[in-house]
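Data from query-v8.txt: compact mmCIF, C-alpha atoms
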```txt
# COMPACT_ATOMS: atom_id res chain seq x y z
CA MET A 1 81.37 173.03 -91.22
CA ARG A 2 85.08 173.37 -91.71
CA SER A 3 86.42 173.52 -95.22
CA PHE A 4 87.87 170.10 -96.08
CA PHE A 5 90.57 171.51 -98.27
CA PRO A 6 92.59 174.45 -97.05
CA ALA A 7 94.42 176.55 -99.62
CA ASN A 8 97.75 175.14 -98.55
CA ILE A 9 96.75 171.53 -99.13
CA LEU A 10 99.78 170.74 -101.27
CA VAL A 11 102.10 172.02 -98.56
CA ILE A 12 100.38 169.76 -96.03
CA PHE A 13 100.77 166.76 -98.33
CA LEU A 14 104.47 167.44 -98.76
CA LEU A 15 105.04 167.87 -95.04
CA THR A 16 103.26 164.65 -94.17
CA GLY A 17 105.21 162.77 -96.81
CA CYS A 18 102.16 161.43 -98.68
CA ALA A 19 100.59 158.33 -97.19
CA THR A 20 100.58 155.55 -99.75
CA ILE A 21 98.67 152.33 -100.34
CA LYS A 22 99.88 149.45 -98.16
CA LYS A 23 100.08 146.25 -100.19
CA GLN A 24 101.30 143.75 -97.60
CA ASP A 25 98.00 141.88 -97.71
CA LEU A 26 97.73 141.88 -101.49
CA VAL A 27 98.89 139.40 -104.13
CA VAL A 28 98.97 140.58 -107.72
CA VAL A 29 96.62 138.78 -110.08
CA SER A 30 97.72 138.26 -113.64
CA LEU A 31 94.90 139.00 -116.01
CA THR A 32 95.25 139.67 -119.68
CA GLN A 33 92.06 141.72 -119.66
CA PHE A 34 90.19 143.48 -116.86
CA THR A 35 86.57 142.42 -116.51
CA PRO A 36 84.50 143.74 -113.58
CA SER A 37 82.86 140.35 -113.02
CA VAL A 38 86.19 138.73 -112.13
CA ILE A 39 86.60 140.88 -109.04
CA GLY A 40 82.93 140.56 -108.04
CA SER A 41 81.93 144.06 -109.13
CA PRO A 42 78.16 144.48 -109.06
CA PHE A 43 78.38 147.04 -111.88
CA THR A 44 78.38 144.53 -114.68
CA GLY A 45 76.07 142.34 -116.73
CA GLN A 46 72.44 143.24 -116.20
CA PHE A 47 73.13 145.96 -113.60
CA GLU A 48 70.81 148.93 -114.12
CA LYS A 49 70.69 150.60 -110.71
CA GLY A 50 71.53 149.90 -107.09
CA LEU A 51 71.05 151.50 -103.70
CA PHE A 52 73.95 151.48 -101.26
CA ARG A 53 74.20 152.37 -97.58
CA THR A 54 77.13 154.78 -97.59
CA SER A 55 79.57 156.35 -95.21
CA LEU A 56 82.20 158.84 -96.31
CA ASP A 57 85.03 159.93 -94.05
CA ILE A 58 87.38 162.68 -95.12
CA GLY A 59 89.79 163.63 -92.40
CA LYS A 60 87.70 164.14 -89.27
CA ASN A 61 84.48 164.68 -91.21
CA HIS A 62 81.96 161.84 -91.24
CA MET A 63 79.01 161.76 -93.63
CA THR A 64 76.45 159.00 -94.03
CA GLY A 65 73.40 158.24 -96.12
CA TYR A 66 72.40 156.45 -99.29
CA THR A 67 74.04 156.32 -102.69
CA LEU A 68 71.99 155.53 -105.74
CA ILE A 69 74.10 154.35 -108.66
CA LYS A 70 72.28 154.12 -111.95
CA LYS A 71 73.42 153.17 -115.42
CA THR A 72 72.09 155.96 -117.64
CA SER A 73 73.47 154.64 -120.96
CA ASP A 74 76.09 152.18 -122.20
CA SER A 75 78.79 154.70 -121.34
CA SER A 76 77.31 156.79 -118.50
CA TRP A 77 76.54 156.35 -114.79
CA ARG A 78 74.75 158.62 -112.32
CA LEU A 79 75.84 158.62 -108.66
CA VAL A 80 73.74 160.42 -106.06
CA PHE A 81 74.80 160.41 -102.40
CA ALA A 82 72.22 161.90 -100.02
CA SER A 83 72.07 162.09 -96.24
CA GLU A 84 69.40 160.24 -94.23
CA ILE A 85 67.47 163.47 -93.79
CA GLY A 86 67.42 163.95 -97.55
CA MET A 87 70.08 166.56 -98.14
CA THR A 88 72.21 165.81 -101.21
CA TRP A 89 75.92 165.45 -100.53
CA PHE A 90 76.67 165.04 -104.21
CA ASP A 91 74.93 164.28 -107.48
CA LEU A 92 77.40 163.36 -110.22
CA GLU A 93 77.38 161.64 -113.57
CA LEU A 94 80.21 159.86 -115.32
CA VAL A 95 79.88 160.17 -119.09
CA LYS A 96 82.58 158.37 -121.05
CA GLY A 97 84.89 158.81 -118.09
CA LYS A 98 84.26 162.54 -117.74
CA LEU A 99 82.44 163.90 -114.71
CA ILE A 100 79.34 166.08 -114.81
CA LYS A 101 78.55 167.90 -111.57
CA TYR A 102 74.82 168.36 -110.98
CA SER A 103 75.06 169.31 -107.35
CA VAL A 104 77.76 169.11 -104.70
CA PHE A 105 77.37 170.14 -101.08
CA GLY A 106 79.45 173.30 -100.49
CA PRO A 107 82.34 172.03 -98.38
CA LEU A 108 82.80 169.02 -100.71
CA ASP A 109 82.84 171.16 -103.83
CA LYS A 110 86.60 171.42 -104.20
CA LYS A 111 88.40 170.78 -107.48
CA THR A 112 90.93 168.41 -105.92
CA LEU A 113 88.24 166.28 -104.30
CA ILE A 114 86.01 166.26 -107.38
CA ASN A 115 88.95 164.99 -109.47
CA ILE A 116 89.54 162.27 -106.89
CA PHE A 117 85.84 161.31 -107.02
CA LYS A 118 86.04 161.16 -110.81
CA GLN A 119 88.98 158.82 -110.70
CA ASP A 120 87.64 156.67 -107.86
CA PHE A 121 84.15 156.25 -109.31
CA ASN A 122 85.49 155.40 -112.76
CA ALA A 123 87.60 152.71 -111.10
CA LEU A 124 84.77 151.53 -108.82
CA ILE A 125 82.47 150.97 -111.77
CA GLY A 126 85.29 149.73 -113.98
CA THR A 127 84.64 152.05 -116.89
CA ALA A 128 86.70 151.63 -120.02
CA GLU A 129 88.52 154.86 -119.16
CA ALA A 130 89.73 153.52 -115.79
CA ARG A 131 90.80 150.04 -116.83
CA PRO A 132 94.26 150.74 -118.33
CA SER A 133 95.50 152.43 -115.14
CA LEU A 134 94.44 149.92 -112.47
CA LYS A 135 95.95 146.71 -111.14
CA ILE A 136 94.01 143.80 -109.70
CA PHE A 137 95.09 142.03 -106.54
CA SER A 138 93.67 139.19 -104.50
CA VAL A 139 93.51 139.84 -100.79
CA VAL A 140 95.54 137.38 -98.70
CA GLU A 141 93.47 135.02 -96.50
CA THR A 142 90.17 136.07 -98.08
CA GLU A 143 88.51 135.32 -101.37
CA ASN A 144 88.18 139.03 -102.04
CA TYR A 145 89.75 141.18 -104.69
CA ALA A 146 91.08 144.70 -104.56
CA ILE A 147 92.08 147.13 -107.26
CA VAL A 148 94.80 149.73 -106.90
CA GLY A 149 95.46 152.69 -109.16
CA GLY A 150 96.14 156.39 -109.43
CA ASN A 151 98.99 157.97 -111.31
CA ASN A 152 100.52 159.96 -108.46
CA PRO A 153 100.68 159.60 -104.66
CA ILE A 154 97.98 162.20 -104.00
CA VAL A 155 95.35 160.38 -106.07
CA LYS A 156 96.47 156.83 -105.32
CA TYR A 157 93.49 154.68 -104.41
CA ARG A 158 92.58 151.19 -103.33
CA ILE A 159 89.11 149.69 -103.75
CA ASP A 160 88.19 146.45 -101.98
CA TYR A 161 85.27 144.33 -103.18
CA GLU A 162 84.08 142.41 -100.11
CA LYS A 163 81.34 140.11 -98.80
CA ARG A 164 80.79 138.23 -102.04
CA LYS A 165 77.42 136.59 -102.46
CA SER A 166 76.94 134.44 -105.55
CA GLY A 167 80.12 135.97 -106.88
CA VAL A 168 78.96 139.57 -106.41
CA ALA A 169 80.54 141.85 -103.80
CA GLN A 170 78.01 143.32 -101.38
CA LYS A 171 80.41 145.87 -99.95
CA MET A 172 82.97 148.15 -101.59
CA VAL A 173 85.54 150.19 -99.69
CA ILE A 174 87.38 153.03 -101.41
CA VAL A 175 90.49 154.40 -99.70
CA ASN A 176 92.62 157.38 -100.71
CA PRO A 177 95.33 157.50 -98.02
CA ALA A 178 96.82 160.84 -99.06
CA ILE A 179 93.68 162.78 -98.19
CA ASN A 180 92.51 160.34 -95.52
CA LEU A 181 89.37 159.46 -97.50
CA ARG A 182 87.43 156.30 -96.84
CA MET A 183 84.11 155.58 -98.53
CA THR A 184 82.12 152.44 -97.79
CA LEU A 185 79.23 151.35 -99.99
CA THR A 186 77.10 148.44 -98.77
CA MET A 187 74.52 147.12 -101.17
CA MET A 188 70.91 147.42 -100.04
CA GLY A 189 69.27 146.36 -103.27
CA ARG A 190 69.58 146.42 -107.02
CA MET B 1 66.79 162.17 -110.40
CA SER B 2 63.31 160.73 -110.51
CA GLU B 3 64.14 157.83 -108.18
CA LYS B 4 62.34 157.88 -104.83
CA ILE B 5 63.86 156.60 -101.59
CA THR B 6 61.56 156.11 -98.61
CA SER B 7 62.64 155.77 -94.99
CA SER B 8 60.63 155.76 -91.77
CA GLY B 9 61.05 156.05 -88.03
CA LYS B 10 60.05 157.93 -84.91
CA PHE B 11 60.33 161.57 -83.98
CA PHE B 12 60.25 162.86 -80.40
CA PHE B 13 60.30 166.48 -79.31
CA LYS B 14 60.30 167.94 -75.82
CA LYS B 15 60.33 171.63 -75.04
CA GLU B 16 62.54 173.60 -75.27
CA LYS B 17 65.37 172.03 -77.22
CA MET B 18 65.23 168.25 -76.96
CA LEU B 19 64.76 166.23 -80.11
CA ARG B 20 65.18 162.59 -81.04
CA TRP B 21 64.90 161.71 -84.73
CA GLU B 22 65.18 157.95 -85.07
CA TYR B 23 65.17 156.07 -88.37
CA THR B 24 64.26 152.41 -88.12
CA ALA B 25 63.89 151.46 -91.79
CA PRO B 26 65.57 150.66 -94.08
CA PHE B 27 68.35 150.86 -91.46
CA SER B 28 68.85 152.46 -88.07
CA TYR B 29 70.13 155.99 -87.76
CA LEU B 30 69.68 158.43 -84.94
CA ILE B 31 69.88 162.20 -84.54
CA ILE B 32 69.61 163.64 -81.04
CA ILE B 33 69.62 167.32 -80.24
CA ILE B 34 69.80 168.27 -76.62
CA ASN B 35 70.21 171.97 -76.00
CA ASP B 36 73.18 172.98 -78.11
CA ILE B 37 74.68 169.56 -78.74
CA MET B 38 73.77 167.37 -81.70
CA TYR B 39 74.58 163.65 -81.74
CA VAL B 40 74.48 161.75 -85.02
CA ILE B 41 74.67 158.03 -84.45
CA ASP B 42 74.79 155.46 -87.24
CA GLU B 43 75.56 151.78 -87.00
CA ASP B 44 79.26 152.15 -86.36
CA LYS B 45 79.95 155.74 -85.34
CA GLU B 46 78.78 158.47 -82.96
CA ASN B 47 79.38 162.08 -83.96
CA LYS B 48 79.03 164.82 -81.35
CA ILE B 49 78.57 168.29 -82.81
CA ASN B 50 78.63 171.51 -80.82
CA LEU B 51 75.99 173.70 -82.40
CA GLN B 52 77.46 176.82 -80.83
CA THR B 53 80.64 176.44 -82.82
CA ASN B 54 79.49 174.60 -85.95
CA LYS B 55 77.72 177.11 -88.18
CA LEU B 56 76.33 174.66 -90.74
CA PHE B 57 74.81 172.26 -88.24
CA ARG B 58 73.52 175.24 -86.26
CA GLU B 59 71.57 176.22 -89.37
CA ILE B 60 70.26 172.66 -89.81
CA ASN B 61 69.27 172.62 -86.14
CA ASN B 62 67.53 175.99 -86.54
CA ILE B 63 65.57 174.63 -89.50
CA ILE B 64 64.53 171.38 -87.76
CA LEU B 65 63.59 172.92 -84.43
CA GLY B 66 62.29 176.11 -86.02
CA ALA B 67 59.88 174.15 -88.20
CA ILE B 68 58.55 172.20 -85.22
CA GLN B 69 58.29 175.22 -82.93
CA GLY B 70 57.09 177.59 -85.63
CA THR B 71 59.95 180.00 -85.00
CA LEU B 72 61.17 179.73 -88.59
CA LEU B 73 58.30 182.01 -89.50
CA THR B 74 59.74 184.73 -87.32
CA TYR B 75 63.27 184.36 -88.61
CA PRO B 76 63.27 187.11 -91.27
CA LYS B 77 67.02 187.40 -91.40
CA ASN B 78 67.33 183.90 -92.82
CA PHE B 79 63.91 183.20 -94.36
CA LYS B 80 61.21 185.17 -96.09
CA ALA B 81 57.84 183.56 -95.39
CA THR B 82 54.66 183.48 -97.47
CA LEU B 83 51.54 182.09 -95.80
CA PHE B 84 48.62 180.32 -97.44
CA ASP B 85 45.28 179.38 -95.93
CA ALA B 86 43.56 176.24 -97.27
CA ARG B 87 40.51 174.28 -96.06
CA SER B 88 42.24 171.96 -93.60
CA LEU B 89 45.74 173.37 -93.36
CA TYR B 90 48.00 176.35 -93.37
CA LEU B 91 51.01 176.36 -95.65
CA ALA B 92 54.10 178.39 -94.89
CA SER B 93 56.54 178.68 -97.78
CA LEU B 94 59.95 179.79 -96.64
CA PHE B 95 62.62 181.16 -98.94
CA PRO B 96 66.20 181.39 -97.66
CA GLN B 97 67.74 184.85 -97.72
CA SER B 98 71.40 184.12 -97.09
CA ALA B 99 73.49 183.29 -100.15
CA LYS B 100 75.09 180.36 -98.34
CA LEU B 101 71.76 178.73 -97.53
CA LYS B 102 70.43 179.40 -101.04
CA GLU B 103 73.24 177.26 -102.46
CA THR B 104 71.65 174.23 -100.78
CA ILE B 105 67.98 175.00 -100.15
CA SER B 106 65.66 176.85 -102.50
CA GLU B 107 62.42 176.58 -100.48
CA ILE B 108 60.93 174.94 -97.40
CA ASP B 109 57.20 174.26 -97.35
CA ILE B 110 55.66 173.57 -93.95
CA TYR B 111 52.07 172.30 -93.78
CA PHE B 112 50.34 172.96 -90.45
CA ASN B 113 47.22 171.07 -89.38
CA LYS B 114 44.43 173.57 -88.68
CA SER B 115 42.95 171.56 -85.85
CA ASP B 116 46.00 171.55 -83.56
CA TYR B 117 48.56 173.69 -85.45
CA THR B 118 51.09 170.85 -85.51
CA VAL B 119 53.23 170.13 -88.56
CA ASP B 120 51.74 167.50 -90.89
CA ARG B 121 54.27 167.69 -93.67
CA LEU B 122 57.54 169.40 -94.46
CA ILE B 123 59.01 169.64 -97.96
CA MET B 124 62.57 170.81 -98.34
CA ARG B 125 63.39 171.73 -101.93
CA GLU B 126 67.01 171.86 -102.96
CA ALA B 127 68.54 174.22 -105.47
CA SER B 128 69.23 171.21 -107.72
CA GLY B 129 65.50 170.40 -107.96
CA ASP B 130 65.61 167.36 -105.65
CA PHE B 131 63.33 167.48 -102.66
CA THR B 132 62.75 165.74 -99.34
CA ARG B 133 59.23 165.25 -98.04
CA ILE B 134 58.76 164.45 -94.36
CA GLU B 135 55.31 163.27 -93.27
CA PHE B 136 54.44 163.34 -89.57
CA ARG B 137 51.83 160.67 -88.81
CA SER B 138 50.26 159.04 -85.72
CA LYS B 139 51.06 162.11 -83.63
CA LYS B 140 50.78 161.97 -79.87
CA LEU B 141 50.81 165.33 -78.15
CA ASN B 142 51.72 166.26 -74.60
CA GLN B 143 52.54 162.70 -73.54
CA PRO B 144 55.29 162.30 -70.94
CA ILE B 145 58.73 161.55 -72.47
CA ALA B 146 61.61 160.62 -70.17
CA ASP B 147 64.69 162.82 -70.51
CA GLU B 148 66.71 159.63 -71.04
CA LYS B 149 65.11 159.34 -74.46
CA PHE B 150 67.30 162.27 -75.47
CA PHE B 151 70.55 160.78 -74.20
CA PRO B 152 72.74 159.11 -76.83
CA ARG B 153 72.85 155.28 -76.36
```
Now that the file is in, can you turn its structure into structure tokens?
Amino acid sequence: MRSFFPANILVIFLLTGCATIKKQDLVVVSLTQFTPSVIGSPFTGQFEKGLFRTSLDIGKNHMTGYTLIKKTSDSSWRLVFASEIGMTWFDLELVKGKLIKYSVFGPLDKKTLINIFKQDFNALIGTAEARPSLKIFSVVETENYAIVGGNNPIVKYRIDYEKRKSGVAQKMVIVNPAINLRMTLTMMGR
Amino acid sequence: MSEKITSSGKFFFKKEKMLRWEYTAPFSYLIIIINDIMYVIDEDKENKINLQTNKLFREINNIILGAIQGTLLTYPKNFKATLFDARSLYLASLFPQSAKLKETISEIDIYFNKSDYTVDRLIMREASGDFTRIEFRSKKLNQPIADEKFFPR
């Protein structure tokens, strides 16, 4: 498999001018305090663990499988993404916002990408560490919410919480335009 | 992690290099290998992979087909094999030799049925300690399978 991140990645980013988040379909929501339940995040309240059908596209590379997300303590979350044939793409744990790497499939094991995962998964779950840096939007013409964050164009992200059922999103879509990353998590059970 | 995820489906193999690995539960997912082309088809995307040029998937293909055909046992460059003889089965434990493969897989255990020498079970152990167990049940041998079964879509 090709390496996802060539050594001259920064040069490529500069030459392409850094794709950014498009916000035409978003309306900012004024909230004094971020709470995951407002946006329909499933990772709140009584959530202990959930299984998600997952696809991850990075550039031209397409990976699919299951992601198990499990709350391992009040301040830690384990995320394991494995292919349908059982091979682990990544096995990570967020502990107080920091990322522990248990196993990462070779071509994905790049510092830049791991840092992006750390940021995206903190935001997806809505950990205390992610909350100050994200903004909440409502999506025009739907009842969905999206969050946008990232402190520079390379790590800028947007996460959409879609297909709400009883107020809980059944599908989450993470997009990092600068590296052409799109990850879709569809809830199978929790 | 101690969590277990179970999926099921159908597996077709036709000599020499035609394979259809079809998951039906908990969702549909299809892998087809026909000669040196691998198709991976999930609900919204079809990926065509040339195994001649893609080293990683060539290795995966070698493992899948090699386990079924028994050729993994004669693949000393990539795997060192230890054989065990039990009452109703033979066990072949394969240990990867290349550093690249060792990063992902620590051991592959293949259980052969003594009555017909087909594979009953395959356990792929990862370096991280996770493992995948594949059970082959309700086997039908030497039944006709149309070539179309190995065409994507």
Selection: 9 Å around Gly59 of chain A, all atoms listed in the file, excl. self and same-chain fewer than 6 positions, as number ranges by chain:
A: 4, 179-182
Shortest contact to chain A, candidates B:Gln143, B:Ser8, B:Gln97, B:Thr71, atoms counted only C-alpha atoms, goes to B:Ser8
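Considering the residues A:Phe105, A:Tyr66, A:Gly150, A:Gly97 and counting only C-alpha atoms, Leu101 of chain B has its shortest atom-to-atom contact with A:Phe105.
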Please return, as number ranges by chain, all residues of chain A lying within 9 Å of chain B when only C-alpha atoms are considered.
A: 1-2, 53, 62, 64, 66, 68, 78, 80, 84-88, 91, 102-106, 188
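For the atom pair formed by atom CA of Asn61 of chain B and atom CA of Ser2 of chain B, the distance is 27.8 Å, given to one decimal.
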Between atom CA of Thr127 of chain A and atom CA of Gly65 of chain A, measure the distance and give it in Å to one decimal.
24.4 Å
Do you have the atom CA of Lys135 of chain A-atom CA of Ala178 of chain A distance handy?
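If I compute the distance from atom CA of Lys135 of chain A to atom CA of Ala178 of chain A, I get 18.6 Å.
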Pick out the residues sitting within 12 Å of Lys14 of chain B, and hand them over as a list in words; count all atoms listed in the file, and ignore anything fewer than 2 positions along from it in its own chain.
Phe11, Phe12, Glu16, Lys17, Met18, Leu19, Arg20, Trp21, Ile32, Ile33, Ile34, Asn35, Leu65, Ile68, Gln69, Lys140, Leu141, Asn142, Gln143, Pro144, Ile145, Ala146, Asp147, Glu148, Lys149 and Phe150 of chain B
Atoms added to segment 86-97 of chain B (N, CA and C atoms), reported as a compact mmCIF listing (two decimals), in the frame of the given file:
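Result went into out_21.txt, see below:
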```txt
# COMPACT_ATOMS: atom_id res chain seq x y z
N ALA B 86 44.40 177.17 -96.52
CA ALA B 86 43.56 176.24 -97.27
C ALA B 86 42.49 175.68 -96.34
N ARG B 87 41.66 174.75 -96.86
CA ARG B 87 40.51 174.28 -96.06
C ARG B 87 40.94 173.63 -94.74
N SER B 88 41.89 172.70 -94.82
CA SER B 88 42.24 171.96 -93.60
C SER B 88 43.65 172.26 -93.10
N LEU B 89 44.36 173.13 -93.79
CA LEU B 89 45.74 173.37 -93.36
C LEU B 89 46.20 174.79 -93.67
N TYR B 90 47.28 175.13 -93.02
CA TYR B 90 48.00 176.35 -93.37
C TYR B 90 49.32 175.92 -94.01
N LEU B 91 49.72 176.64 -95.02
CA LEU B 91 51.01 176.36 -95.65
C LEU B 91 51.91 177.58 -95.48
N ALA B 92 53.10 177.33 -94.97
CA ALA B 92 54.10 178.39 -94.89
C ALA B 92 55.23 178.04 -95.85
N SER B 93 55.42 178.89 -96.84
CA SER B 93 56.54 178.68 -97.78
C SER B 93 57.67 179.61 -97.40
N LEU B 94 58.81 179.02 -97.13
CA LEU B 94 59.95 179.79 -96.64
C LEU B 94 61.06 179.83 -97.69
N PHE B 95 61.56 181.01 -97.94
CA PHE B 95 62.62 181.16 -98.94
C PHE B 95 63.87 181.69 -98.25
N PRO B 96 64.98 180.96 -98.34
CA PRO B 96 66.20 181.39 -97.66
C PRO B 96 66.70 182.73 -98.20
N GLN B 97 67.25 183.54 -97.33
CA GLN B 97 67.74 184.85 -97.72
C GLN B 97 69.27 184.89 -97.82
```
